[in-house]
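*Asks:* Please find one structure pasted underneath; my questions will follow.
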Number of protein chains: 2
Amino acid sequence: MDQDLASTVAAFRAVMLTLKRAKTHDMMATVAGMRIDQPDAQVLIHLLDAGEPRRVGVIAQALHVESPHVTRTVNKLEGQGMLERVRDPEDGRAWRIGLTPKGTDVAQVCMRVHTEIFETAMSTWSPQDRADLTRLLGKLSTEMSAILEERLEKA
Amino acid sequence: MDQDLASTVAAFRAVMLTLKRAKTHDMMATVAGMRIDQPDAQVLIHLLDAGEPRRVGVIAQALHVESPHVTRTVNKLEGQGMLERVRDPEDGRAWRIGLTPKGTDVAQVCMRVHTEIFETAMSTWSPQDRADLTRLLGKLSTEMSAILEERLEKA
DNA sequence: TATTGTTATACTCTATAACTATA
DNA sequence: TATAGTTATAGAGTATAACAATA
């Protein structure tokens, strides 16, 4: 049983390591014909996933980074015509960051590239196995986020 | 079905983001009472997992980083008495990097801290769900590594 | 006075290039 | 000449601190 747990952690770590490294991202970006770095892709994907404009602070929280990091990424992408800033009508201090049509296109490509790797890896799986992985990873994600959030607040 | 896939990728990304950030690692290290950074922990865990001394190049390949990065980490850990270098008897150019007793202790703590988070997250799961996640992540890891390795070679 | 975001700066992690030594 | 590893350097990614503007 404990061996199972160790295997789970090891497998997760292995996938994470392959996805995290720069070469993997570069290869994916090249395949997609884009010149874009990892933080850019994360912001774009997040906004596409959200389906509506979001504040800098909200994006930072979702990506688990500090807001200055998001500010710089947003500035760059705004300069490239992928994002646009609009004053938040309900709070004069805040902005809403939204995807432009161009940004939406690029975000979709980014998401597609990520998805495609999983799709290929699972191409021979049974529908049951696919559904199970989705369900279990969803549970794992929810519960791990809650645990870590709680512990970080304590510390 | 495609929605399933998108959810899977999103869930994986969410877990990855929480684990990757510095604050999470720092919190874990503090809980474990250690002052150790992320690359250190990765090398120690890899060697513990391997169960025997390994070459620098082999470690680098397993962690998906370049060898100079491993060299520096190993130098540091050697200076702290956690690793030891022994000339490879079969190849005078190479070294075998092994855990000292102290390094083994620290590696076990590192691994335990990681494992404990997964364990807590899955504490209420059925044995079936746990076993399924282990099996499916194992498959995913194997196939994704193969795909990415193949594509990186082509590029 | 607290909060949203930005600017400025520094640190961590990782990659590339140039070199040494053995094969 | 090819390979294992190291040293030196540079880059990507992220955090912290100090500040501006609005609430």
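Order determines the names: the first chain of the structure tokens is A, the second B, and so forth; residues in each chain are numbered 1 upward, and ligands are numbered 1 upward as they are shown.
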Find the residues in chain D near chain A: any atom within 9 Å counts, using only C-alpha atoms (C1' of nucleotides). Write them as a list of chain:residue names.
*Replies:* D:DA12, D:DG13, D:DT14, D:DA15, D:DA21, D:DT22, D:DA23
*Asks:* Based on only C-alpha atoms, which of the residues in chain B come within 8 Å of chain A? I want them as a PyMOL selection string.
*Replies:* chain B and resi 4-9+11-12+14-18+21+23-24+27+63-65+114-115+117-119+121-122+129-138+140-141+143-145+147-148+151-152+155
*Asks:* Quick check for you: according to DSSP on this backbone, which residues of region 22-75 of chain B are classed as helix (DSSP H, G or I)? Reply as a tab-separated table (two decimals) with C-alpha atoms, in the first residue's frame.
*Replies:*
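Once written, part13.tsv looks like this:
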```tsv
chain	number	residue	atom	x	y	z
B	22	ALA	CA	8.96	28.18	-4.13
B	23	LYS	CA	6.64	28.82	-1.20
B	24	THR	CA	5.39	25.26	-1.24
B	25	HIS	CA	8.88	23.86	-1.20
B	26	ASP	CA	9.98	26.24	1.55
B	27	MET	CA	6.99	25.32	3.64
B	28	MET	CA	7.72	21.63	3.21
B	29	ALA	CA	11.38	22.13	4.04
B	30	THR	CA	10.48	24.12	7.13
B	31	VAL	CA	8.04	21.48	8.28
B	32	ALA	CA	10.80	18.92	7.86
B	38	GLN	CA	14.68	22.23	-4.77
B	39	PRO	CA	17.50	20.92	-6.96
B	40	ASP	CA	19.18	19.42	-3.87
B	41	ALA	CA	16.03	17.60	-2.92
B	42	GLN	CA	15.59	16.26	-6.43
B	43	VAL	CA	19.09	14.80	-6.59
B	44	LEU	CA	18.82	13.25	-3.14
B	45	ILE	CA	15.43	11.73	-3.87
B	46	HIS	CA	16.64	10.37	-7.19
B	47	LEU	CA	19.61	8.65	-5.59
B	48	LEU	CA	17.48	7.21	-2.82
B	49	ASP	CA	15.03	5.95	-5.40
B	50	ALA	CA	17.84	4.48	-7.50
B	56	VAL	CA	26.42	12.58	-12.97
B	57	GLY	CA	25.24	12.09	-16.54
B	58	VAL	CA	22.70	9.48	-15.56
B	59	ILE	CA	21.29	11.70	-12.83
B	60	ALA	CA	21.05	14.62	-15.24
B	61	GLN	CA	19.19	12.53	-17.78
B	62	ALA	CA	16.75	11.24	-15.20
B	63	LEU	CA	16.00	14.72	-13.90
B	67	SER	CA	24.97	17.93	-16.44
B	68	PRO	CA	26.65	21.14	-15.24
B	69	HIS	CA	23.59	21.75	-13.14
B	70	VAL	CA	24.00	18.39	-11.47
B	71	THR	CA	27.72	18.94	-11.00
B	72	ARG	CA	27.12	22.06	-8.97
B	73	THR	CA	24.42	20.52	-6.85
B	74	VAL	CA	26.57	17.47	-6.19
B	75	ASN	CA	29.53	19.67	-5.24
```
*Asks:* With the cut-off set at 12 Å and counting only C-alpha atoms (C1' of nucleotides), tabulate each residue of chain C with an atom at most that distance from an atom of chain B, showing the nearest atom pair and its distance in Å to one decimal, ordered by chain and increasing number, as a Markdown table.
*Replies:*
```
| residue | atom | partner | partner_atom | distance |
| --- | --- | --- | --- | --- |
| C:DC11 | C1' | B:Ala22 | CA | 11.6 |
| C:DT12 | C1' | B:Asp37 | CA | 9.0 |
| C:DC13 | C1' | B:Pro39 | CA | 7.9 |
| C:DT14 | C1' | B:His69 | CA | 6.9 |
| C:DA15 | C1' | B:Glu66 | CA | 7.2 |
| C:DT16 | C1' | B:Glu66 | CA | 9.7 |
| C:DA17 | C1' | B:Pro68 | CA | 11.5 |
| C:DT20 | C1' | B:Arg93 | CA | 10.5 |
| C:DA21 | C1' | B:Arg93 | CA | 7.0 |
| C:DT22 | C1' | B:Arg93 | CA | 5.1 |
| C:DA23 | C1' | B:Arg93 | CA | 8.1 |
```
*Asks:* Please write the residues from the selection above to a file, keeping C-alpha atoms (C1' of nucleotides), as a compact mmCIF listing (two decimals), in the first residue's frame.
*Replies:*
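Heads up, here's the output in result.txt:
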```txt
# COMPACT_ATOMS: atom_id res chain seq x y z
C1' DC C 11 17.59 35.66 -6.04
C1' DT C 12 16.84 30.72 -7.73
C1' DC C 13 16.99 27.50 -11.23
C1' DT C 14 18.68 25.95 -15.59
C1' DA C 15 21.04 26.21 -20.20
C1' DT C 16 25.08 26.96 -23.40
C1' DA C 17 29.92 27.29 -24.41
C1' DT C 20 40.20 19.12 -19.05
C1' DA C 21 41.04 14.42 -18.79
C1' DT C 22 40.38 9.76 -19.96
C1' DA C 23 39.03 6.33 -23.71
```
*Asks:* From the DSSP assignment of the backbone, select every residue of region 10-141 of chain A that is strand (DSSP E), and format the answer as an NGL selection string.
*Replies:* :A and (83-87 or 95-99)
*Asks:* Just the selected residues (N, CA, C and O atoms), exported as a compact mmCIF listing (two decimals), in the first residue's frame, please.
*Replies:*
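Contents of out21.txt, as written:
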```txt
# COMPACT_ATOMS: atom_id res chain seq x y z
N LEU A 83 -3.19 40.94 -25.47
CA LEU A 83 -4.05 41.24 -24.32
C LEU A 83 -4.44 42.71 -24.37
O LEU A 83 -3.76 43.52 -24.98
N GLU A 84 -5.55 43.02 -23.68
CA GLU A 84 -5.90 44.43 -23.51
C GLU A 84 -6.35 44.68 -22.09
O GLU A 84 -6.96 43.83 -21.45
N ARG A 85 -6.00 45.88 -21.60
CA ARG A 85 -6.34 46.29 -20.24
C ARG A 85 -7.54 47.22 -20.30
O ARG A 85 -7.57 48.16 -21.08
N VAL A 86 -8.49 46.97 -19.41
CA VAL A 86 -9.64 47.88 -19.28
C VAL A 86 -9.82 48.18 -17.80
O VAL A 86 -9.74 47.27 -16.97
N ARG A 87 -10.04 49.45 -17.47
CA ARG A 87 -10.27 49.83 -16.09
C ARG A 87 -11.46 49.05 -15.54
O ARG A 87 -12.49 48.93 -16.21
N TRP A 95 -7.57 46.70 -12.85
CA TRP A 95 -7.75 46.54 -14.29
C TRP A 95 -8.36 45.18 -14.56
O TRP A 95 -8.22 44.25 -13.77
N ARG A 96 -8.99 45.08 -15.72
CA ARG A 96 -9.41 43.76 -16.19
C ARG A 96 -8.53 43.44 -17.38
O ARG A 96 -8.41 44.25 -18.32
N ILE A 97 -7.92 42.28 -17.35
CA ILE A 97 -7.05 41.85 -18.44
C ILE A 97 -7.82 40.86 -19.31
O ILE A 97 -8.25 39.82 -18.83
N GLY A 98 -7.98 41.22 -20.58
CA GLY A 98 -8.73 40.34 -21.47
C GLY A 98 -7.95 39.96 -22.71
O GLY A 98 -7.02 40.66 -23.11
N LEU A 99 -8.31 38.84 -23.32
CA LEU A 99 -7.68 38.39 -24.55
C LEU A 99 -8.22 39.18 -25.74
O LEU A 99 -9.43 39.39 -25.86
```
